[in-house]
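Student: Quick one: this structure, given as C-alpha cells, is what I'll be asking you about.
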Amino acid sequence: MVIKRTWWERFVPRPRTQWGITATLLLALAACRGQHEGPGTVTQKRLPQAVISARADAQAGVAKALAPEGAPKQILFGDLHVHTTFSADAFMRTLPMLQGEGAHPPADACDFARFCSGLDFWSINDHAEAVTPQHWSETKEAIRQCNAVAGDPSNPDVVAFLGWEWTQVGTTPKDHYGHKNVIFRDTGDDQVPVRPVSALSPQLVGALRNPAPLWQRLKFPILDWPNRQRYFDMGKFQEENRDVPMCPAGVDVHKLPADCHESAQTPQELFEKLSQWGFDTMVIPHGTTWGFYTPGGSTMDKQLTATQNDPSKQFLIEVYSGHGNSEEYRDWRPVTYDANGEEVCPAPSKNYLPCCWQAGEIIRKRCGDLPKEECENRVTEARKNFMAGGIGGHLTVPGATVDDWKDCGQCRDCFNPSFNFRPATSAQYALAISNFDDPTKPPRRFHFGFIASSDNHSARPGTGYKEYARRMMTETVGARDENWRSRLLPEPEKPTAQSHPFDMNNTHLQVFQIAETERQASYFMTGGLVAVHSSGRDRNSIWSSLKKREVYGTSGDR
C-alpha cells in the first residue's frame, strides 16, 4: 500500500523523538521570517473639486435650514476613534485563522476616509500599548501624508488628526478607569509627544508584550502552512514590542529616552504627562459602559476629582460606537453591596437580568434529585463565584452555552446598548453626579459634549456611512471553521450541578479565551460619527468647534 504524504512530510522527515520534533520546528522557523508591519502608502490622488464643492454646498444648505438667521456654520462629520493593524488586537483580527483579510495599516485608513466613507475629518487612535517608536514615527508620517494629499489646507477634502488610545483596565472598581483617546491638534515632530503614553504596567509587560514560547509560535503556521507568513509577521510584531524597554517612572517626559515605552496607570498621571508636553490636546473617554472589561461595581465618581479629571483636556465623551450606546442611565446594577461592602447579586427586574443571578438559575436547573437545601446552597455559591470571577464569571458555570445565559447583562429598554451594560459609568450618570469635597468652592461637575465614532479595528473610519458587510464593517470576528474554533477556545467542560471559582490572576487562558467572544460579537454594529458645527473645513476651525463642544453624535445617516 502506498501512503500519500504532504509536501511538508516529504521535505521534512517525520519526527520519531522529541529531538526530531524540535528539529522540525526549527526548520519551520528557518523557512519563514516575520516581516515588519509597515504604514502602507497613501493614495496620491485628490478628490475631484466638484465632489468637495457638492459636499460643502449640501452641508451649508442643511445648516442654513437649521439656523436661517446669521451666518450658519457647516456641519462636518468625522470619526475620532480609528485603529489600524498597528494595534495588537487589530493585528490579531487579521490572522487567517480568524478569517482575517491581512494588513490594514494607517495609509488604508486615510484612503477609506477619503474615498469610501467620505469623511470631513478623522483621527488615528491605535492602542499605545503596542505602538513602538518605529510605529509612532510611521504613524506621524502617514497622517502627514494624508493631510498633504488632501489639497489646500484651508479647504481640504479631509483633515487627519494624530493620536493614540490610552487603554486602561482595572480588575476591581477601585482601580478601573477605562479607555480614553488622546488626540492632538498639530502633527509636527515639535508639536506632539516623542512617545505615546500607554496604560501598560510593568507587571503586565511579560503577559502582553513577550512573544509566546517557540513551540506556540510555530503551532499556528504549521497548522495553516499556506498562510504562514501572517503568523510569522505577528511574531515579528511581538518581538518589536518586547525589545522596547519601559521608561523609568517619575521622570519628566522631556528627560526620558526617545526609544522607551512610557506608561501612566491613572488619568492623573496621563494628564500630568500631557501637561508637561504642553501641546493642544483633547482626551476623550469612550466605552464607559462596556461590561466585557469594566468591573460590575464601577462608577464614574472616582474620576470626578481635581486630580483624576482635567476639564481643559477632557471635555468630550464618546457615547456611541460600533460597540453600541454608552449614553443612557438605568437604576439597576450588575452587583450591589451590603453594609460590610461585600458584593451582593441583585434580583432580576423588568428590563434587566443580572448575569450573576442567571448563573445560579443555570445551576438550579441541573440540580436534579439533589435535596432542596443543597440545591439552594449551590445556587448561592454559583452567584458568588460569578461575581468574584470578574469578566471571566461565565467560566464559573461548567458547560454553560450561549443560550443558557439568555440576555443577561443587557439593557432591554436601551437604544443599541453596549454588551453587559454598566449604567453607573454611562454619560448620563457622569453628568448627573457632583463632587462636594471642597466646601469653599462650587460643586465639581463633568462638562461633556457628546460625540460618536466607530472604534473600527480594520482601518475603516466612518463605518456607519452604510449598513452593509457585517464581517467587514463591524468588530465581529470568529474562527474560520469548527477546527480552528476548537483550537482557539478552551475545551468545553461537561455540564455539572456545581459552580467552580475562576481566578483572573491565576489562569493559563489568554484574554480572548476569557472574554465572552460569541455573545459579545452578536451586539457589534457599524459605528457612529461625530458632527461639528464648524465655521470652515480647515483643521483649526474643526478643532475650535470640538473644544467649544459644538458637537453631537449620530448612529445613523448624517
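Every chain in the C-alpha cells has a letter given in the order shown (A, B, ...), and although residue numbers restart at 1 in each chain, ligands are simply numbered from 1 in the order shown.
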Find the spatial neighbours of Glu141 of chain A, counting only C-alpha atoms, within a cut-off of 10 Å - ignore same-chain residues fewer than 6 positions away - and output them as a ChimeraX atom specification.

Tutor: /A:39,106-107,135,147,162,187-189

Student: Residues within 9 Å of Trp136 of chain A, please, as a PDB file with C-alpha atoms, in the first residue's frame. Count only C-alpha atoms; anything in the same chain fewer than 5 positions from it doesn't count.

Tutor:
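Saved to around-v6.pdb:
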ATOM      1  CA  VAL A 131       2.929  51.345  19.365  1.00  0.00           C
ATOM      2  CA  GLU A 141       4.388  60.366   8.679  1.00  0.00           C
ATOM      3  CA  VAL A 194       8.013  61.976  21.390  1.00  0.00           C
ATOM      4  CA  ARG A 195       6.272  58.822  22.629  1.00  0.00           C
ATOM      5  CA  PRO A 196       2.676  57.661  23.098  1.00  0.00           C
TER       6      PRO A 196
END

Student: Each residue of segment 463-551 of chain A lying at most 12 Å from segment 46-64 of chain A should get a row with its shortest atom-to-atom pair and the distance in Å to one decimal, counting only C-alpha atoms; could you produce that, ordered by chain and increasing number, as JSON lines?

Tutor:
{"residue": "A:Ala531", "atom": "CA", "partner": "A:Gln59", "partner_atom": "CA", "distance": 11.1}
{"residue": "A:Val532", "atom": "CA", "partner": "A:Ala63", "partner_atom": "CA", "distance": 11.1}
{"residue": "A:His533", "atom": "CA", "partner": "A:Ala63", "partner_atom": "CA", "distance": 8.4}
{"residue": "A:Ser534", "atom": "CA", "partner": "A:Ala63", "partner_atom": "CA", "distance": 10.1}
{"residue": "A:Ser535", "atom": "CA", "partner": "A:Ala60", "partner_atom": "CA", "distance": 10.1}
{"residue": "A:Gly536", "atom": "CA", "partner": "A:Ala56", "partner_atom": "CA", "distance": 9.7}
{"residue": "A:Arg537", "atom": "CA", "partner": "A:Ala56", "partner_atom": "CA", "distance": 8.6}

Student: For the selection just defined, write its residues with N, CA, C and O atoms to a file, as a PDB file, in the first residue's frame.

Tutor:
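To be explicit, this is the file written out as out-v6.pdb:
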ATOM      1  N   ALA A 531     -20.301  64.856  14.750  1.00  0.00           N
ATOM      2  CA  ALA A 531     -20.631  66.007  13.923  1.00  0.00           C
ATOM      3  C   ALA A 531     -20.183  67.278  14.638  1.00  0.00           C
ATOM      4  O   ALA A 531     -20.356  67.407  15.852  1.00  0.00           O
ATOM      5  N   VAL A 532     -19.610  68.222  13.896  1.00  0.00           N
ATOM      6  CA  VAL A 532     -19.219  69.511  14.469  1.00  0.00           C
ATOM      7  C   VAL A 532     -19.861  70.637  13.665  1.00  0.00           C
ATOM      8  O   VAL A 532     -19.996  70.546  12.444  1.00  0.00           O
ATOM      9  N   HIS A 533     -20.274  71.669  14.372  1.00  0.00           N
ATOM     10  CA  HIS A 533     -20.747  72.899  13.729  1.00  0.00           C
ATOM     11  C   HIS A 533     -19.508  73.770  13.551  1.00  0.00           C
ATOM     12  O   HIS A 533     -19.048  74.401  14.502  1.00  0.00           O
ATOM     13  N   SER A 534     -18.985  73.825  12.343  1.00  0.00           N
ATOM     14  CA  SER A 534     -17.692  74.453  12.109  1.00  0.00           C
ATOM     15  C   SER A 534     -17.816  75.619  11.138  1.00  0.00           C
ATOM     16  O   SER A 534     -18.572  75.562  10.165  1.00  0.00           O
ATOM     17  N   SER A 535     -17.021  76.658  11.398  1.00  0.00           N
ATOM     18  CA  SER A 535     -17.022  77.825  10.516  1.00  0.00           C
ATOM     19  C   SER A 535     -16.271  77.564   9.219  1.00  0.00           C
ATOM     20  O   SER A 535     -16.423  78.320   8.256  1.00  0.00           O
ATOM     21  N   GLY A 536     -15.460  76.509   9.179  1.00  0.00           N
ATOM     22  CA  GLY A 536     -14.720  76.182   7.969  1.00  0.00           C
ATOM     23  C   GLY A 536     -14.308  74.735   7.953  1.00  0.00           C
ATOM     24  O   GLY A 536     -14.482  74.005   8.936  1.00  0.00           O
ATOM     25  N   ARG A 537     -13.712  74.319   6.833  1.00  0.00           N
ATOM     26  CA  ARG A 537     -13.307  72.927   6.685  1.00  0.00           C
ATOM     27  C   ARG A 537     -11.860  72.697   7.121  1.00  0.00           C
ATOM     28  O   ARG A 537     -11.382  71.574   7.091  1.00  0.00           O
TER      29      ARG A 537
END

Student: Identify, with DSSP run on backbone atoms, the residues in segment 39-250 of chain A assigned to strand (DSSP E), and express the list as a count of residues only.

Tutor: 26

Student: Looking at A:Glu491, A:Ser454, A:His447, A:Ser201, which one is nearest to Ile124 of chain A, with distances taken over only C-alpha atoms?

Tutor: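 Ranking A:Glu491, A:Ser454, A:His447, A:Ser201 by distance to Ile124 of chain A, first place goes to A:Ser454.
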
Student: Counting only C-alpha atoms, which residue out of A:Tyr231, A:Phe271, A:Tyr177, A:Phe77 sits closest to Gly100 of chain A?

Tutor: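 Among the listed residues, the smallest separation from Gly100 of chain A belongs to A:Tyr231.
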
Student: With a distance cut-off of 12 Å and only C-alpha atoms, select the neighbouring residues of Val319 of chain A, excluding the residue or stretch itself and same-chain residues fewer than 6 positions from it, and output the selection as a VMD selection string.

Tutor: chain A and resid 81 284 to 290 325 to 329 415 to 418 425 to 430 448 to 455 527 to 530 552 to 555
